[in-house]
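Working notes, structure below.
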There are 2 protein chains.
Amino acid sequence: MRRSSADESTRDPAAAEPAVGGADAPVDPDTPETRGSRAAVLPAAAPGTARNALDRRRILGAAVELIDQDGLRQLTMRRLGAHLGVEAMALYHWVPGRESLLDGVVETVVDELYGDPDVHLSSPDWQEYLQRLGHGVRRIALAHPKVFPLIATRPPAAPWVHPPLRSLRWMESFLTELQRCGFSDAHAVAAYRAFSSFLLGHLLLEVSTHGADIGPIEQEDPGRPDPTDLAEYPRLSALQAELSQDRSAEEFEEALEVLLDRLERLLDHPPHR
Amino acid sequence: MRRSSADESTRDPAAAEPAVGGADAPVDPDTPETRGSRAAVLPAAAPGTARNALDRRRILGAAVELIDQDGLRQLTMRRLGAHLGVEAMALYHWVPGRESLLDGVVETVVDELYGDPDVHLSSPDWQEYLQRLGHGVRRIALAHPKVFPLIATRPPAAPWVHPPLRSLRWMESFLTELQRCGFSDAHAVAAYRAFSSFLLGHLLLEVSTHGADIGPIEQEDPGRPDPTDLAEYPRLSALQAELSQDRSAEEFEEALEVLLDRLERLLDHPPHR
DNA sequence: ACCTGAACACCGTTCAAGT
DNA sequence: ACCTGAACACCGTTCAAGT
């Protein structure tokens, strides 16, 4: 599955143009050197010329890779350095510290939305816009199930920047689209919150079911013979087959439809102010 | 700072009666000694008799306290030991390790539902049941905003044990109530998943907005003058007032109503098998 | 039975020193 | 300009030893 697709810095298979490092992409402002190095180092870097050219983007890519593989707990400055063929201390030249590294990981993964050919910043129909956006975010969550809890729980930059979108550009796009289609100020914001909440709940449940974890319990502990002794829970054991089924895809589809219907009804009501 | 406030085990100011340690509260099965010590040590323990009686419950209570105060990252075996007036290594007699400690923290907080006089395991009306249950979970999330991300993201014991309920007993109760009211197998399970997803999304968004964090960035960094430069985002800056408002309570109420309506419609449709 | 001291392997991070 | 070595303070965890 998760091939070594990130290795040759071909991290955005779809969008060759703006992608992550677009000039106006919101970047972490606290590392001034990125501004210069980004445009210069990255597109050049012929493989073979400078073998171990370290830079912020390569570091973040490797960090995502490590979390995808081994989980968040295994992402260590020292391990990340080793993975990149470098001492851990070299990373501090490109990243202020581990916390900021995790912020960068979240930003990197969320920014994959820009590379998704099925998601657009603008669309004639707001319902199609939300459909595509929702499915795009879902694809990201499923592609990085061990990163998603981080996306969901990292403290937002501002209190109104919600997970899982977490991006000023997407917020701007979201609000613009809906207001262009007739949503009032209050209703556009309400829609943004309802949409975020829906995505967050559904996708966190889905990746959590798929065995995502924050931290490594990975190992099957043979000492504990399946802690689920259902003897005392008759309803539960009767429904176990039903409970074990994974209907996530259908449920997502249906809940999204319900949400869109609900939002559509907002359009008929006058703004409440 | 970290006073000895937990020392006299007066950890539940509000609920003096059943609270966390009801006799039949589900306890972590992997430490057999709890079964004995619980009933014996805790209710007895006249303050002054055995000053530093350590046990699993006191440890978990102190851990919750520390996370509530200082955040997850500050919860360290060594700090927790110090908080309890004991060397860190003493904790390993009552708890297998840090991971299991965190599981216990989640269980402890979720079990506060049993002490909530407004939430019942059974109710004549399934809608009232879900209303009370939902509000109970919300109260817990707001009471422990720094624990809730842990509740939301810890890997579940079984793939069908979802956050945020995370308890076989509540699952059993949930399914029993709905089936008693006419929900089919498939519909009861679908309702359980929809309800979990709604609670998870809404509450995680709410506590995340309230500045919960997993890890300590707590400090206001004066070097970074508010990273929100909205110059390039006209819609966003126009709606900033709207976005800054906290309508969480109303939104919760309304979304819960919508969910209940949606579930009610399930009752009219024949089970799809 | 319960706790401690000392030790081990591993963290994140700083900083002077290398090239 | 970029990376390394050594060091510091702090982790989780083990285990023999104390009482």
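Ligands are numbered from 1 in the order shown, chains are lettered A, B, ... in the order of the structure tokens, and residues start at 1 in each chain.
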
Which residues are near segment 11-18 of chain D? Cut-off 10 Å, only C-alpha atoms (C1' of nucleotides), ignore same chain within fewer than 4 positions. Put them as a PDB file with N, CA and C atoms (P, O5', C5', C4', C3', O3' and C1' of nucleotides), in the first residue's frame.
```
ATOM      1  N   THR B  76       3.749  12.456  34.137  1.00  0.00           N
ATOM      2  CA  THR B  76       4.949  11.657  34.085  1.00  0.00           C
ATOM      3  C   THR B  76       4.921  10.712  35.277  1.00  0.00           C
ATOM      4  N   MET B  77       5.420   9.535  35.101  1.00  0.00           N
ATOM      5  CA  MET B  77       5.426   8.617  36.227  1.00  0.00           C
ATOM      6  C   MET B  77       6.113   9.266  37.433  1.00  0.00           C
ATOM      7  N   ARG B  78       7.185   9.967  37.151  1.00  0.00           N
ATOM      8  CA  ARG B  78       7.933  10.570  38.249  1.00  0.00           C
ATOM      9  C   ARG B  78       7.180  11.717  38.891  1.00  0.00           C
ATOM     10  N   ALA B  88       8.523   7.283  42.011  1.00  0.00           N
ATOM     11  CA  ALA B  88       7.813   6.827  40.817  1.00  0.00           C
ATOM     12  C   ALA B  88       7.712   5.312  40.763  1.00  0.00           C
ATOM     13  N   MET B  89       8.755   4.651  41.229  1.00  0.00           N
ATOM     14  CA  MET B  89       8.793   3.203  41.073  1.00  0.00           C
ATOM     15  C   MET B  89       7.707   2.500  41.874  1.00  0.00           C
ATOM     16  N   TYR B  92       4.485   1.243  39.977  1.00  0.00           N
ATOM     17  CA  TYR B  92       4.464   0.016  39.183  1.00  0.00           C
ATOM     18  C   TYR B  92       3.888  -1.166  39.942  1.00  0.00           C
ATOM     19  N   GLY B  97       2.184   0.113  33.765  1.00  0.00           N
ATOM     20  CA  GLY B  97       3.067   1.041  33.068  1.00  0.00           C
ATOM     21  C   GLY B  97       2.298   2.268  32.645  1.00  0.00           C
ATOM     22  N   ARG B  98       2.952   3.157  31.933  1.00  0.00           N
ATOM     23  CA  ARG B  98       2.309   4.420  31.597  1.00  0.00           C
ATOM     24  C   ARG B  98       1.126   4.237  30.652  1.00  0.00           C
TER      25      ARG B  98
ATOM     26  P    DC C   3       3.131   1.287  48.750  1.00  0.00           P
ATOM     27  O5'  DC C   3       4.697   1.569  48.688  1.00  0.00           O
ATOM     28  C5'  DC C   3       5.274   2.262  49.772  1.00  0.00           C
ATOM     29  C4'  DC C   3       6.781   2.144  49.687  1.00  0.00           C
ATOM     30  C3'  DC C   3       7.425   3.031  48.630  1.00  0.00           C
ATOM     31  O3'  DC C   3       8.045   4.135  49.297  1.00  0.00           O
ATOM     32  C1'  DC C   3       8.407   0.843  48.735  1.00  0.00           C
ATOM     33  P    DT C   4       8.849   5.222  48.395  1.00  0.00           P
ATOM     34  O5'  DT C   4      10.311   4.592  48.344  1.00  0.00           O
ATOM     35  C5'  DT C   4      10.976   4.342  49.555  1.00  0.00           C
ATOM     36  C4'  DT C   4      12.402   3.894  49.288  1.00  0.00           C
ATOM     37  C3'  DT C   4      13.204   4.827  48.384  1.00  0.00           C
ATOM     38  O3'  DT C   4      14.473   5.013  48.965  1.00  0.00           O
ATOM     39  C1'  DT C   4      13.268   2.626  47.524  1.00  0.00           C
ATOM     40  P    DG C   5      15.347   6.306  48.601  1.00  0.00           P
ATOM     41  O5'  DG C   5      16.579   5.630  47.870  1.00  0.00           O
ATOM     42  C5'  DG C   5      16.766   4.213  47.960  1.00  0.00           C
ATOM     43  C4'  DG C   5      18.125   3.833  47.454  1.00  0.00           C
ATOM     44  C3'  DG C   5      18.872   4.910  46.689  1.00  0.00           C
ATOM     45  O3'  DG C   5      20.269   4.664  46.791  1.00  0.00           O
ATOM     46  C1'  DG C   5      18.032   3.253  45.179  1.00  0.00           C
ATOM     47  P    DA C   6      21.341   5.509  45.976  1.00  0.00           P
ATOM     48  O5'  DA C   6      21.625   4.547  44.739  1.00  0.00           O
ATOM     49  C5'  DA C   6      21.710   3.141  44.954  1.00  0.00           C
ATOM     50  C4'  DA C   6      21.936   2.403  43.636  1.00  0.00           C
ATOM     51  C3'  DA C   6      22.690   3.192  42.574  1.00  0.00           C
ATOM     52  O3'  DA C   6      23.527   2.302  41.868  1.00  0.00           O
ATOM     53  C1'  DA C   6      20.637   2.536  41.692  1.00  0.00           C
ATOM     54  P    DA C   7      24.605   2.837  40.785  1.00  0.00           P
ATOM     55  O5'  DA C   7      24.046   2.242  39.413  1.00  0.00           O
ATOM     56  C5'  DA C   7      23.688   0.865  39.373  1.00  0.00           C
ATOM     57  C4'  DA C   7      22.821   0.609  38.161  1.00  0.00           C
ATOM     58  C3'  DA C   7      23.358   1.210  36.863  1.00  0.00           C
ATOM     59  O3'  DA C   7      23.711   0.155  35.980  1.00  0.00           O
ATOM     60  C1'  DA C   7      21.000   1.551  37.108  1.00  0.00           C
ATOM     61  P    DC C   8      24.394   0.520  34.563  1.00  0.00           P
ATOM     62  O5'  DC C   8      23.181   0.464  33.538  1.00  0.00           O
ATOM     63  C5'  DC C   8      22.359  -0.709  33.510  1.00  0.00           C
ATOM     64  C4'  DC C   8      21.308  -0.560  32.432  1.00  0.00           C
ATOM     65  C3'  DC C   8      21.828   0.140  31.176  1.00  0.00           C
ATOM     66  O3'  DC C   8      21.477  -0.607  30.031  1.00  0.00           O
ATOM     67  C1'  DC C   8      19.882   1.233  31.985  1.00  0.00           C
ATOM     68  P    DA C   9      22.251  -0.307  28.644  1.00  0.00           P
ATOM     69  O5'  DA C   9      21.072   0.220  27.721  1.00  0.00           O
ATOM     70  C5'  DA C   9      19.811  -0.429  27.786  1.00  0.00           C
ATOM     71  C4'  DA C   9      18.739   0.503  27.261  1.00  0.00           C
ATOM     72  C3'  DA C   9      19.147   1.275  25.997  1.00  0.00           C
ATOM     73  O3'  DA C   9      18.069   1.220  25.082  1.00  0.00           O
ATOM     74  C1'  DA C   9      18.407   2.781  27.644  1.00  0.00           C
ATOM     75  P    DC C  10      18.251   1.770  23.576  1.00  0.00           P
ATOM     76  O5'  DC C  10      17.586   3.205  23.640  1.00  0.00           O
ATOM     77  C5'  DC C  10      16.184   3.285  23.759  1.00  0.00           C
ATOM     78  C4'  DC C  10      15.835   4.621  24.313  1.00  0.00           C
ATOM     79  C3'  DC C  10      16.052   5.789  23.349  1.00  0.00           C
ATOM     80  O3'  DC C  10      14.845   6.015  22.638  1.00  0.00           O
ATOM     81  C1'  DC C  10      16.395   6.321  25.666  1.00  0.00           C
ATOM     82  P    DC C  11      14.822   6.900  21.295  1.00  0.00           P
ATOM     83  O5'  DC C  11      13.964   8.173  21.732  1.00  0.00           O
ATOM     84  C5'  DC C  11      14.653   9.204  22.364  1.00  0.00           C
ATOM     85  C4'  DC C  11      13.720   9.960  23.242  1.00  0.00           C
ATOM     86  C3'  DC C  11      13.783  11.448  22.926  1.00  0.00           C
ATOM     87  O3'  DC C  11      12.638  11.799  22.180  1.00  0.00           O
ATOM     88  C1'  DC C  11      14.425  11.053  25.196  1.00  0.00           C
ATOM     89  P    DG C  12      12.798  12.825  20.986  1.00  0.00           P
ATOM     90  O5'  DG C  12      12.983  14.202  21.768  1.00  0.00           O
ATOM     91  C5'  DG C  12      11.908  14.698  22.530  1.00  0.00           C
ATOM     92  C4'  DG C  12      12.326  15.986  23.197  1.00  0.00           C
ATOM     93  C3'  DG C  12      12.742  17.082  22.216  1.00  0.00           C
ATOM     94  O3'  DG C  12      12.240  18.330  22.679  1.00  0.00           O
ATOM     95  C1'  DG C  12      14.554  16.572  23.665  1.00  0.00           C
TER      96       DG C  12
END
```

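Residues in contact with Pro163 of chain B at up to 9 Å, not including ones fewer than 3 positions away on its chain and judged by only C-alpha atoms (C1' of nucleotides), are Leu205 and Ser208 of chain A; Ile151, Ala152, Thr153, Arg154, Pro155, Pro156, Arg166, Ser167, Ser196, Ser197, Leu199 and Leu200 of chain B.
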
Please find the residues of chain A near chain B - the criterion being any atom within 6 Å, counting only C-alpha atoms - and write them as a list in words.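 Only these qualify: Pro155, Pro159, Trp160, Glu172, Ser197, Phe198, Leu200, Gly201, His202, Thr209, Asp213, Arg235, Leu236 and Leu243 of chain A.
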
Which residue out of A:Glu254, A:Asp111, A:Glu87, A:Asp70 has the minimum interatomic distance to chain D when only C-alpha atoms (C1' of nucleotides) are used? A:Glu87

From a DSSP pass on the backbone, collect the residues of segment 122-216 of chain B flagged as alpha helix (DSSP H) and hand them back as a ChimeraX atom specification. /B:126-143,148-153,168-180,185-209

When you get a sec, could you note down which chain B residues fall within 12 Å of chain C, using only C-alpha atoms (C1' of nucleotides), as a ChimeraX atom specification? /B:33,52-55,81,85-94

Take the residues that were just selected and, keeping all heavy atoms, output them as a CSV table (one decimal), in the first residue's frame.
```
chain,number,residue,atom,x,y,z
B,33,GLU,N,-5.4,-7.4,42.3
B,33,GLU,CA,-5.5,-6.9,43.7
B,33,GLU,C,-6.5,-5.8,43.9
B,33,GLU,O,-6.9,-5.5,45.0
B,33,GLU,CB,-4.1,-6.4,44.1
B,33,GLU,CG,-3.5,-5.3,43.3
B,33,GLU,CD,-2.7,-5.9,42.2
B,33,GLU,OE1,-3.1,-6.9,41.5
B,33,GLU,OE2,-1.6,-5.3,41.9
B,52,ASN,N,-0.7,7.6,53.8
B,52,ASN,CA,-0.3,7.5,52.4
B,52,ASN,C,-0.7,6.2,51.7
B,52,ASN,O,0.0,5.6,51.0
B,52,ASN,CB,1.2,7.6,52.2
B,52,ASN,CG,1.5,9.1,51.8
B,52,ASN,OD1,0.6,9.8,51.4
B,52,ASN,ND2,2.8,9.5,52.0
B,53,ALA,N,-1.9,5.7,52.1
B,53,ALA,CA,-2.4,4.4,51.5
B,53,ALA,C,-2.5,4.6,50.0
B,53,ALA,O,-3.4,5.2,49.5
B,53,ALA,CB,-3.7,4.0,52.1
B,54,LEU,N,-1.6,4.0,49.3
B,54,LEU,CA,-1.6,4.0,47.8
B,54,LEU,C,-2.5,3.0,47.3
B,54,LEU,O,-2.6,1.9,47.9
B,54,LEU,CB,-0.2,3.8,47.3
B,54,LEU,CG,0.2,4.5,46.0
B,54,LEU,CD1,0.0,6.0,46.1
B,54,LEU,CD2,1.7,4.2,45.7
B,55,ASP,N,-3.2,3.2,46.3
B,55,ASP,CA,-3.9,2.1,45.6
B,55,ASP,C,-4.3,2.6,44.2
B,55,ASP,O,-4.1,3.8,43.9
B,55,ASP,CB,-5.2,1.7,46.3
B,55,ASP,CG,-6.2,2.8,46.4
B,55,ASP,OD1,-6.6,3.3,45.3
B,55,ASP,OD2,-6.7,3.1,47.5
B,81,GLY,N,4.3,10.3,40.8
B,81,GLY,CA,4.7,9.8,42.1
B,81,GLY,C,5.0,10.9,43.1
B,81,GLY,O,4.5,10.8,44.2
B,85,GLY,N,3.5,11.8,46.9
B,85,GLY,CA,4.4,11.6,48.0
B,85,GLY,C,5.1,10.3,48.0
B,85,GLY,O,5.4,9.8,49.1
B,86,VAL,N,5.5,9.9,46.8
B,86,VAL,CA,6.1,8.5,46.7
B,86,VAL,C,7.0,8.5,45.5
B,86,VAL,O,7.0,9.3,44.7
B,86,VAL,CB,4.9,7.5,46.5
B,86,VAL,CG1,4.8,7.1,45.1
B,86,VAL,CG2,4.9,6.4,47.5
B,87,GLU,N,8.0,7.6,45.5
B,87,GLU,CA,8.9,7.5,44.4
B,87,GLU,C,8.1,6.9,43.2
B,87,GLU,O,7.2,6.1,43.4
B,87,GLU,CB,10.0,6.5,44.7
B,87,GLU,CG,10.9,7.1,45.8
B,87,GLU,CD,11.6,8.4,45.5
B,87,GLU,OE1,12.1,8.5,44.4
B,87,GLU,OE2,11.5,9.3,46.3
B,88,ALA,N,8.5,7.3,42.0
B,88,ALA,CA,7.8,6.8,40.8
B,88,ALA,C,7.7,5.3,40.8
B,88,ALA,O,6.7,4.8,40.3
B,88,ALA,CB,8.5,7.3,39.6
B,89,MET,N,8.8,4.7,41.2
B,89,MET,CA,8.8,3.2,41.1
B,89,MET,C,7.7,2.5,41.9
B,89,MET,O,7.3,1.4,41.6
B,89,MET,CB,10.2,2.7,41.5
B,89,MET,CG,11.3,3.3,40.7
B,89,MET,SD,11.6,5.0,41.3
B,89,MET,CE,12.6,5.7,40.0
B,90,ALA,N,7.2,3.2,42.9
B,90,ALA,CA,6.1,2.6,43.7
B,90,ALA,C,4.9,2.4,42.9
B,90,ALA,O,4.1,1.5,43.1
B,90,ALA,CB,5.8,3.4,44.9
B,91,LEU,N,4.7,3.2,41.8
B,91,LEU,CA,3.5,3.1,41.1
B,91,LEU,C,3.3,1.8,40.3
B,91,LEU,O,2.2,1.3,40.1
B,91,LEU,CB,3.4,4.3,40.0
B,91,LEU,CG,3.5,5.7,40.6
B,91,LEU,CD1,3.5,6.7,39.6
B,91,LEU,CD2,2.3,5.9,41.6
B,92,TYR,N,4.5,1.2,40.0
B,92,TYR,CA,4.5,0.0,39.2
B,92,TYR,C,3.9,-1.2,39.9
B,92,TYR,O,3.7,-2.2,39.4
B,92,TYR,CB,5.9,-0.3,38.7
B,92,TYR,CG,6.3,0.6,37.6
B,92,TYR,CD1,6.8,1.9,37.8
B,92,TYR,CD2,6.1,0.3,36.2
B,92,TYR,CE1,7.2,2.8,36.8
B,92,TYR,CE2,6.4,1.2,35.2
B,92,TYR,CZ,7.0,2.4,35.5
B,92,TYR,OH,7.4,3.3,34.5
B,93,HIS,N,3.7,-1.0,41.2
B,93,HIS,CA,3.0,-2.0,42.0
B,93,HIS,C,1.5,-2.1,41.7
B,93,HIS,O,0.8,-3.1,42.0
B,93,HIS,CB,3.3,-1.8,43.5
B,93,HIS,CG,4.2,-2.9,44.0
B,93,HIS,ND1,3.8,-4.0,44.7
B,93,HIS,CD2,5.5,-3.0,43.9
B,93,HIS,CE1,4.8,-4.7,45.1
B,93,HIS,NE2,5.9,-4.1,44.6
B,94,TRP,N,1.0,-0.9,41.2
B,94,TRP,CA,-0.5,-0.8,41.1
B,94,TRP,C,-0.9,-0.7,39.7
B,94,TRP,O,-2.1,-0.8,39.3
B,94,TRP,CB,-0.9,0.4,41.9
B,94,TRP,CG,-0.5,0.4,43.3
B,94,TRP,CD1,0.6,1.0,43.8
B,94,TRP,CD2,-1.1,-0.3,44.4
B,94,TRP,NE1,0.7,0.7,45.2
B,94,TRP,CE2,-0.3,-0.1,45.5
B,94,TRP,CE3,-2.3,-1.1,44.5
B,94,TRP,CZ2,-0.7,-0.6,46.8
B,94,TRP,CZ3,-2.6,-1.6,45.7
B,94,TRP,CH2,-1.8,-1.4,46.8
```

Residues at most 9 Å from Leu60 of chain B, counting only C-alpha atoms (C1' of nucleotides), excluding those fewer than 2 positions away in the same chain, as a PyMOL selection string? chain B and resi 55-58+62-65+101-102+104-105+108
